[in-house]
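Written below as structure tokens is the structure these notes are about.
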Amino acid sequence: MKKKLMSRRKFLGLSSSAIAGALFGPNLNMLTAAPTDPFDYSILPKGTREYIASNCAMCVNKCGIIGEVVNGKLHKINPNPRHVKSRGMLCAKGNAGVSLPYSPDRLKTPLLRTGKRGEGKWKEISWDEAFKYVAKNLADLKQKYENRSSVAFASTEGFQEEFYYYLVNSFGSLNTVRHTTLCLSTNIQGWSSVFGSFPDADLANAEYVLMLGSDRAQALITPDSVDFQRYKPKGQKLIVLDPRFTETGAKADRWYPIKPRTDQGFVLAMINVIISENLYDHKFVETYTHGFEELKELVAEYTPEWAEKKCEIAADEIRKTAREFADHAPRSVIYPGRRSSFYSHEVYVRQTFAILAAICGCWDTKGAVVPKSSIKLASHDVMFPFFNLTRDRVDREAVNLVKDVVPSAVQCPMIGTGLPDDSCAFLSEKDGSWITFREAVLQDDPYPVRGFFCFKQNPVQSVPNVKKTMKMLEKMEFICVIEQQMSDTAWYADIVLPHSTYLESWDPAHSIGGIWPIVEMRQPVIKPLFDTKTMFEISGGIIHEMLKIPSLWDDIDPVDLVDFKKNVVEDILDKPIQDYIKHQLVNHPGAYKQLLKEGFYTVDGGRPTYGKTLKPGFRFKSKTGKIELFNERYKEFGLFPLPKYCEPEILPDPGQYRFLVGRTAWNTHTSTQNNPYLWEIQKENAVWLNTGEAKKKGIVDGEYVRIKSKIGEQRIKAYVTEKIRPDCVFYVNGWGRKSPGMSRAYKSGASEAEIIDDVLDTISGGVCMHETFVTIKKA
Amino acid sequence: MKNKRYAIVLDTKKCLNCKACTVACKFENFVPVGDDTYRIWVTELPLQGKFPHLHQEYQTSQCQHCENAPCEKVCPTKATFTTPEGVVLVDYKKCILCKACMTACPYDARFVSEHHESVEKCTFCMHRVSEGREPACVETCPVRVREFGDLNDPNSKVSRLLSSRPYLQLKPEKNTRPRLFYVL
């Protein structure tokens, strides 16, 4: 009856070949409109219709949304056309958010495990029971191990995360582990080593854009993904380097399929050309930077001819790119990008990028790389008790734990990679380092960690080498997961607490830094549908139960407890969240009203911010107070102070491919695959394999293959394509799900965590997702 | 909406292949989840060239709102009709699900809707347009591939685009005179 999928989906692809020659100018017959228009166009049910401004939470971007609510039910999420950051757009995920509250797979009430872990037997319990159960387990763990850090708290970014930290700080554990080391810790560290901060790129004004390993057309970031096609100035040139021909590559003026792990070589050779041909910005270098002579000496050997052998890009092309970049400076961008959990030397790669920007003066000016500005909110100066039974983070004390996850070449001083071999030199305190943390827990060194809380993160899918994650979970005596759906991690929990969706909750104000800084807040677009709570309410509930257990407060000064009850519990958690938000905005008259109306707030009309770091007397966050081409702190730590080229450490065996990861525009990491409207776009992932390689192996497009690495094996569909280098394979994150609670995504496709080896970047503590080699054979 | 002639002009060179428009359309128009039920779509056009010299484009498309609409001609109950503004619509109450229009459409833009119990397709979101709002696909696009507007207004975005840029139409040999224009 209905036509088959292929007959409809493929049709227009074919029709394009049937496009005839171009017409020029309008060639239309004038029509006279009829005087009246009797047709009723309305499609919505009769009743009330409301438009409520808020912000999206389907990914990290927090784009502006306007919920269209018809008779109390969310009909549609429209983009907020006035939103400064999202520029009036809303992506597939943002649109698909409508189905989130109504999903039959939603967690609707607290669940207590009754069978074995992972067996899927649950009992519905009340929130009262849930809070009591959690508080009791916290008290038991604290008594048993006499160390509050024996309970670890994982979470990821989001407006409610600050309330999760109310719980963490009320219990007193220092073991928090966030998503950052799975994502951009290397990027932050590398750029900060030069400029003292991690900047944005002004794609709306740049004349020349160099993107290495970023796929802005698919891995959407606002405003960048909008600006890079919609608001780019006329004549802007885009140069993309990526082992894959991505959607971004398809938009490029030139795409270079660079050999993976050699991006640093390409940029070093650009610096070589720019310095040797005297194309750098003398005045900028002299005024703002430190260490130019040392840099000049370092890069002397990195000629384009040298780089050609590393990167497999012709020396002339590198030379041309260098000259063009310098020619367009300061309106040239070397794009910082976002996720950079690629290689063990990634911090140096990003340091190299930053140095290229610095020597060309492409910093803090229109069309360049620009430091983020932010609007300051009033903070709640809350003092949490000082607990005696709190030990330092496991991933800091654990100096010798990382041997297994550091590439062997790093451990061999003869090779001289310049990377530290035994610790995370610049670990971010709150973020922690996922891989190091997990090693420490597995080895009970320096102490046992036996409790695990997880909010919004899904380590079973997102942290490389899932076997270790599962072992880590097995060690836990108590696991509590706070989620909206039965994630893979929730599936192995002892208790699951259902979190409200972003469309049903009040979220605190949040200052979002950038070239166009804004403040956001969320208000409910619809009334909560089920017995769910927000982290604000969950933390409050657990803390109240904790206060009923005296043993949880026996290692603090009693005066602290009195203050805590007053300042944290009574004055914040027991009050409506709106009070909290109003206090945050106390220095911005009218902001609360504006946030209710528009979902965002700006000062100066949201105009871009340039030049604050170029004013006389400004001190960059570095040892010398200048932009450091030569990093003095690295020198102190015994690291290479300059971006010396790091040779590949882990090399493939014959027949192996380097495994690459990436994103699509319709899924966020591991959180959205089960959404019906996104599942419809992609129902499983497929491994990209170069046409020539596939032919050699007799693998045809669409057939299932087995992909195998040192740590695991997966079955996955093959996507045979010219769009990837012959020495790499790729598949997208978020598939091969373990949780039957995700009815659509369960067991479809292949998981990354099953394949990717756990390799550590020892400077920032980041994971290295491109240091795994795999073989592929027919399934 | 007197004396208006509506059209969509597409600059598909900017398309990110992100599928925002297709999802927006589904919610806006009560189009159910399903591989056969959609009003608009994004096609990856065939990859051109050999590694490493590659070229690829993405083509967004939908009902072409033809001035000479084959679907309208074959409809036995006149369920399919053209508004004075040139928007081809289906009066769901009149449709008898004979599917002659689905066969006749050169663009494969129609499908059977359980929601409407009728054959349906893109309406240019006339329920939004009549309230002064843009079609959902136009509004949600990150890079603004589509512009919607009135060809009779020389200052409309669509008119200005068409007077300043060369454009193509799909399947001109069918003599359907589409109201969708693909600028180059």
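Quick note on naming: the chains in the structure tokens go A, B, ... in the order shown, residues restart at 1 in each chain, and ligands are numbered from 1 in order of appearance.
Proximity to Glu346 of chain A at 8 Å, evaluated using only C-alpha atoms and with sequence-adjacent residues fewer than 4 positions away removed, yields Thr186, Asn187, Gly190, Ser340, Ser341, Phe342, Arg350 and Asp761 of chain A.
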For chain A, work out the contacting residues on chain B at 7 Å, counting only C-alpha atoms, and write them as a PyMOL selection string. chain B and resi 2-4+14+16+18-20+23-24+27-28+33-36+43-45+50-52+55-56+84-85+108+126-127+139-144+162-163+165-172
Quick one: write out the picked residues with C-alpha atoms as a CSV table (one decimal), in the first residue's frame?
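Listing of selection-v6.csv after writing:
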chain,number,residue,atom,x,y,z
B,2,LYS,CA,-4.3,39.3,-1.2
B,3,ASN,CA,-2.2,39.3,-4.4
B,4,LYS,CA,0.5,37.2,-3.0
B,14,LYS,CA,24.8,26.1,2.8
B,16,LEU,CA,24.8,21.2,6.8
B,18,CYS,CA,21.8,18.4,10.0
B,19,LYS,CA,18.1,17.4,9.6
B,20,ALA,CA,16.8,20.2,11.8
B,23,VAL,CA,12.3,17.1,12.6
B,24,ALA,CA,10.7,20.5,12.9
B,27,PHE,CA,6.2,18.1,15.1
B,28,GLU,CA,4.7,21.2,13.5
B,33,VAL,CA,7.5,8.9,13.1
B,34,GLY,CA,8.1,6.6,10.2
B,35,ASP,CA,10.3,6.1,7.2
B,36,ASP,CA,7.4,6.6,4.8
B,43,THR,CA,19.2,14.0,0.5
B,44,GLU,CA,22.9,13.4,0.3
B,45,LEU,CA,23.6,13.8,-3.4
B,50,LYS,CA,37.8,9.9,-6.0
B,51,PHE,CA,39.7,10.2,-2.7
B,52,PRO,CA,41.2,12.8,-2.0
B,55,HIS,CA,32.8,17.0,-3.7
B,56,GLN,CA,29.4,16.5,-2.1
B,84,PRO,CA,-4.9,32.1,-4.8
B,85,GLU,CA,-1.4,32.5,-3.5
B,108,ASP,CA,7.4,11.9,-4.7
B,126,MET,CA,0.0,28.0,5.8
B,127,HIS,CA,-1.5,27.8,9.3
B,139,GLU,CA,12.6,29.2,10.8
B,140,THR,CA,14.6,26.4,12.4
B,141,CYS,CA,17.4,26.0,9.9
B,142,PRO,CA,20.8,26.9,11.4
B,143,VAL,CA,22.2,28.3,8.1
B,144,ARG,CA,18.9,29.6,6.6
B,162,LEU,CA,15.9,35.4,-7.6
B,163,SER,CA,16.8,38.7,-9.2
B,165,ARG,CA,21.3,34.9,-8.4
B,166,PRO,CA,21.0,32.2,-11.1
B,167,TYR,CA,18.8,29.3,-10.0
B,168,LEU,CA,17.5,25.9,-11.0
B,169,GLN,CA,14.3,24.1,-10.7
B,170,LEU,CA,13.7,20.4,-10.3
B,171,LYS,CA,12.6,18.4,-13.3
B,172,PRO,CA,11.8,21.3,-15.6
Step one, run DSSP on the backbone; step two, keep only residues of segment 294-513 of chain A assigned to strand (DSSP E); then write them as a list in words. Ser332, Val333, Ile334, Val369, Val370, Gly451, Phe452, Phe453, Cys454, Phe455, Phe478, Ile479, Cys480, Val481, Ile482, Glu483, Ile495, Val496, Leu497, Pro498, Asp507, Pro508, Ala509, His510, Ser511 and Ile512 of chain A
Atom CA of His770 of chain A and atom CA of Leu356 of chain A are how many Å apart?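 Computed distance, atom CA of His770 of chain A to atom CA of Leu356 of chain A, equals 23.6 Å.
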Can you pull out every residue within 9 Å of Thr37 of chain B, counting only C-alpha atoms, but drop anything in the same chain fewer than 2 positions away, and send it as a PDB file with N, CA and C atoms, in the first residue's frame?
ATOM      1  N   LYS B  26       8.018  17.576  11.254  1.00  0.00           N
ATOM      2  CA  LYS B  26       7.226  16.466  11.810  1.00  0.00           C
ATOM      3  C   LYS B  26       6.374  16.910  12.996  1.00  0.00           C
ATOM      4  N   VAL B  31       3.184  14.985  11.762  1.00  0.00           N
ATOM      5  CA  VAL B  31       3.598  13.887  10.889  1.00  0.00           C
ATOM      6  C   VAL B  31       4.227  12.798  11.771  1.00  0.00           C
ATOM      7  N   PRO B  32       3.679  11.597  11.741  1.00  0.00           N
ATOM      8  CA  PRO B  32       4.166  10.588  12.678  1.00  0.00           C
ATOM      9  C   PRO B  32       5.581  10.081  12.332  1.00  0.00           C
ATOM     10  N   VAL B  33       6.222   9.512  13.347  1.00  0.00           N
ATOM     11  CA  VAL B  33       7.514   8.872  13.128  1.00  0.00           C
ATOM     12  C   VAL B  33       7.316   7.737  12.130  1.00  0.00           C
ATOM     13  N   GLY B  34       8.195   7.643  11.170  1.00  0.00           N
ATOM     14  CA  GLY B  34       8.086   6.570  10.186  1.00  0.00           C
ATOM     15  C   GLY B  34       8.890   6.901   8.953  1.00  0.00           C
ATOM     16  N   ASP B  35       9.467   5.886   8.356  1.00  0.00           N
ATOM     17  CA  ASP B  35      10.317   6.128   7.203  1.00  0.00           C
ATOM     18  C   ASP B  35       9.532   6.539   5.963  1.00  0.00           C
ATOM     19  N   ARG B  39       7.137  15.094   5.048  1.00  0.00           N
ATOM     20  CA  ARG B  39       6.787  16.131   4.072  1.00  0.00           C
ATOM     21  C   ARG B  39       8.019  16.729   3.414  1.00  0.00           C
ATOM     22  N   ARG B 110       4.274  13.134  -1.707  1.00  0.00           N
ATOM     23  CA  ARG B 110       3.021  12.873  -0.980  1.00  0.00           C
ATOM     24  C   ARG B 110       3.041  11.528  -0.280  1.00  0.00           C
ATOM     25  N   PHE B 111       2.273  11.433   0.783  1.00  0.00           N
ATOM     26  CA  PHE B 111       2.169  10.163   1.504  1.00  0.00           C
ATOM     27  C   PHE B 111       0.796  10.066   2.166  1.00  0.00           C
ATOM     28  N   VAL B 112       0.483   8.867   2.633  1.00  0.00           N
ATOM     29  CA  VAL B 112      -0.802   8.653   3.292  1.00  0.00           C
ATOM     30  C   VAL B 112      -0.644   8.964   4.773  1.00  0.00           C
ATOM     31  N   SER B 113      -1.510   9.830   5.261  1.00  0.00           N
ATOM     32  CA  SER B 113      -1.421  10.245   6.660  1.00  0.00           C
ATOM     33  C   SER B 113      -2.537   9.602   7.471  1.00  0.00           C
TER      34      SER B 113
END
Enter the distance from atom CA of Ala368 of chain A to atom CA of Arg331 of chain A, in Å, rounded to one decimal. 5.1 Å
Contacts of Phe284 of chain A within 9 Å, only C-alpha atoms, excl. fewer than 3 positions in-chain, as a count of residues only: 9
Of the candidates A:Leu141, A:Met211, A:Leu503, A:Ile763, which shows the shortest atom-to-atom distance to Phe640 of chain A, using only C-alpha atoms?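 Result for the nearest residue to Phe640 of chain A: A:Ile763.
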Select, from B:Phe30, B:Phe81, B:Tyr58, B:Phe124, the residue with the minimum atom-to-atom distance to Phe148 of chain B, counting only C-alpha atoms.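 Result for the nearest residue to Phe148 of chain B: B:Phe124.
Distance-wise, atom CA of Leu642 of chain A and atom CA of Ser193 of chain A end up 10.0 Å apart.
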Using only C-alpha atoms, which of A:Arg113, A:Lys132, A:His83, A:His290 sits nearest Glu632 of chain A?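 Smallest distance to Glu632 of chain A is found for A:His290.
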Find the residues around Val60 of chain A up to 10 Å (only C-alpha atoms counted), leave out those fewer than 5 positions away in its own chain, and share them as a ChimeraX atom specification. /A:156-159,220-222,668
Run DSSP on the backbone of this structure and report the residues of segment 368-609 of chain A it assigns to helix (DSSP H, G or I), as JSON, numbers by chain. {"A": [394, 395, 396, 397, 401, 402, 403, 404, 405, 408, 409, 410, 411, 434, 435, 436, 437, 438, 439, 440, 441, 442, 443, 459, 460, 461, 462, 466, 467, 468, 469, 470, 471, 472, 473, 474, 475, 490, 491, 492, 535, 536, 537, 538, 539, 540, 541, 542, 543, 544, 545, 546, 547, 550, 551, 552, 553, 558, 559, 560, 561, 562, 563, 564, 565, 566, 567, 568, 569, 570, 571, 572, 573, 577, 578, 579, 580, 581, 582, 583, 584, 591, 592, 593, 594, 595, 596, 597, 598, 604, 605, 606]}
Residues near Ser54 of chain A, anyone? I mean within 9 Å using only C-alpha atoms, not counting same-chain ones fewer than 4 positions away, as an mmCIF file with N, CA and C atoms, in the first residue's frame.
data_model
loop_
_atom_site.group_PDB
_atom_site.id
_atom_site.type_symbol
_atom_site.label_atom_id
_atom_site.label_comp_id
_atom_site.auth_asym_id
_atom_site.auth_seq_id
_atom_site.Cartn_x
_atom_site.Cartn_y
_atom_site.Cartn_z
ATOM 1 N N CYS A 63 20.653 26.494 23.523
ATOM 2 C CA CYS A 63 20.085 27.415 22.549
ATOM 3 C C CYS A 63 18.727 27.918 23.029
ATOM 4 N N GLY A 64 18.330 29.056 22.488
ATOM 5 C CA GLY A 64 17.072 29.663 22.900
ATOM 6 C C GLY A 64 15.876 28.964 22.280
ATOM 7 N N ILE A 65 14.896 28.644 23.124
ATOM 8 C CA ILE A 65 13.704 27.968 22.604
ATOM 9 C C ILE A 65 12.446 28.701 23.053
ATOM 10 N N ILE A 66 11.387 28.495 22.285
ATOM 11 C CA ILE A 66 10.071 28.968 22.685
ATOM 12 C C ILE A 66 9.110 27.791 22.550
ATOM 13 N N GLY A 67 8.660 27.340 23.700
ATOM 14 C CA GLY A 67 7.754 26.192 23.696
ATOM 15 C C GLY A 67 6.361 26.632 23.278
ATOM 16 N N ASN A 80 14.141 30.449 19.392
ATOM 17 C CA ASN A 80 13.924 31.844 19.775
ATOM 18 C C ASN A 80 14.647 32.732 18.763
ATOM 19 N N TYR A 502 14.148 19.128 31.178
ATOM 20 C CA TYR A 502 14.404 20.570 31.171
ATOM 21 C C TYR A 502 13.155 21.362 30.803
ATOM 22 N N LEU A 503 12.163 20.675 30.261
ATOM 23 C CA LEU A 503 10.934 21.370 29.844
ATOM 24 C C LEU A 503 9.948 21.507 30.990
ATOM 25 N N GLU A 520 21.455 32.839 30.975
ATOM 26 C CA GLU A 520 20.250 32.070 30.682
ATOM 27 C C GLU A 520 19.624 31.556 31.966
ATOM 28 N N MET A 521 18.398 31.085 31.819
ATOM 29 C CA MET A 521 17.658 30.501 32.932
ATOM 30 C C MET A 521 16.603 29.604 32.292
ATOM 31 N N ARG A 522 16.120 28.648 33.035
ATOM 32 C CA ARG A 522 14.999 27.875 32.487
ATOM 33 C C ARG A 522 13.785 28.002 33.385
ATOM 34 N N GLN A 523 12.640 28.090 32.736
ATOM 35 C CA GLN A 523 11.370 28.009 33.459
ATOM 36 C C GLN A 523 10.581 26.865 32.835
ATOM 37 N N PRO A 524 9.647 26.313 33.589
ATOM 38 C CA PRO A 524 8.896 25.180 33.034
ATOM 39 C C PRO A 524 8.072 25.616 31.820
ATOM 40 N N VAL A 525 8.177 24.832 30.776
ATOM 41 C CA VAL A 525 7.358 25.065 29.586
ATOM 42 C C VAL A 525 6.028 24.345 29.753
ATOM 43 N N LEU A 595 14.458 37.369 31.582
ATOM 44 C CA LEU A 595 14.669 35.929 31.432
ATOM 45 C C LEU A 595 13.341 35.179 31.324
ATOM 46 N N LEU A 596 12.356 35.637 32.072
ATOM 47 C CA LEU A 596 11.041 34.999 31.972
ATOM 48 C C LEU A 596 10.445 35.226 30.585
ATOM 49 N N LYS A 597 10.707 36.404 30.056
ATOM 50 C CA LYS A 597 10.112 36.759 28.775
ATOM 51 C C LYS A 597 10.872 36.133 27.606
ATOM 52 N N GLU A 598 12.207 36.184 27.674
ATOM 53 C CA GLU A 598 13.008 35.806 26.507
ATOM 54 C C GLU A 598 13.891 34.581 26.710
ATOM 55 N N GLY A 599 14.096 34.185 27.953
ATOM 56 C CA GLY A 599 14.967 33.038 28.202
ATOM 57 C C GLY A 599 16.443 33.374 28.219
ATOM 58 N N PHE A 600 16.788 34.605 27.845
ATOM 59 C CA PHE A 600 18.193 35.006 27.909
ATOM 60 C C PHE A 600 18.288 36.487 28.249
#
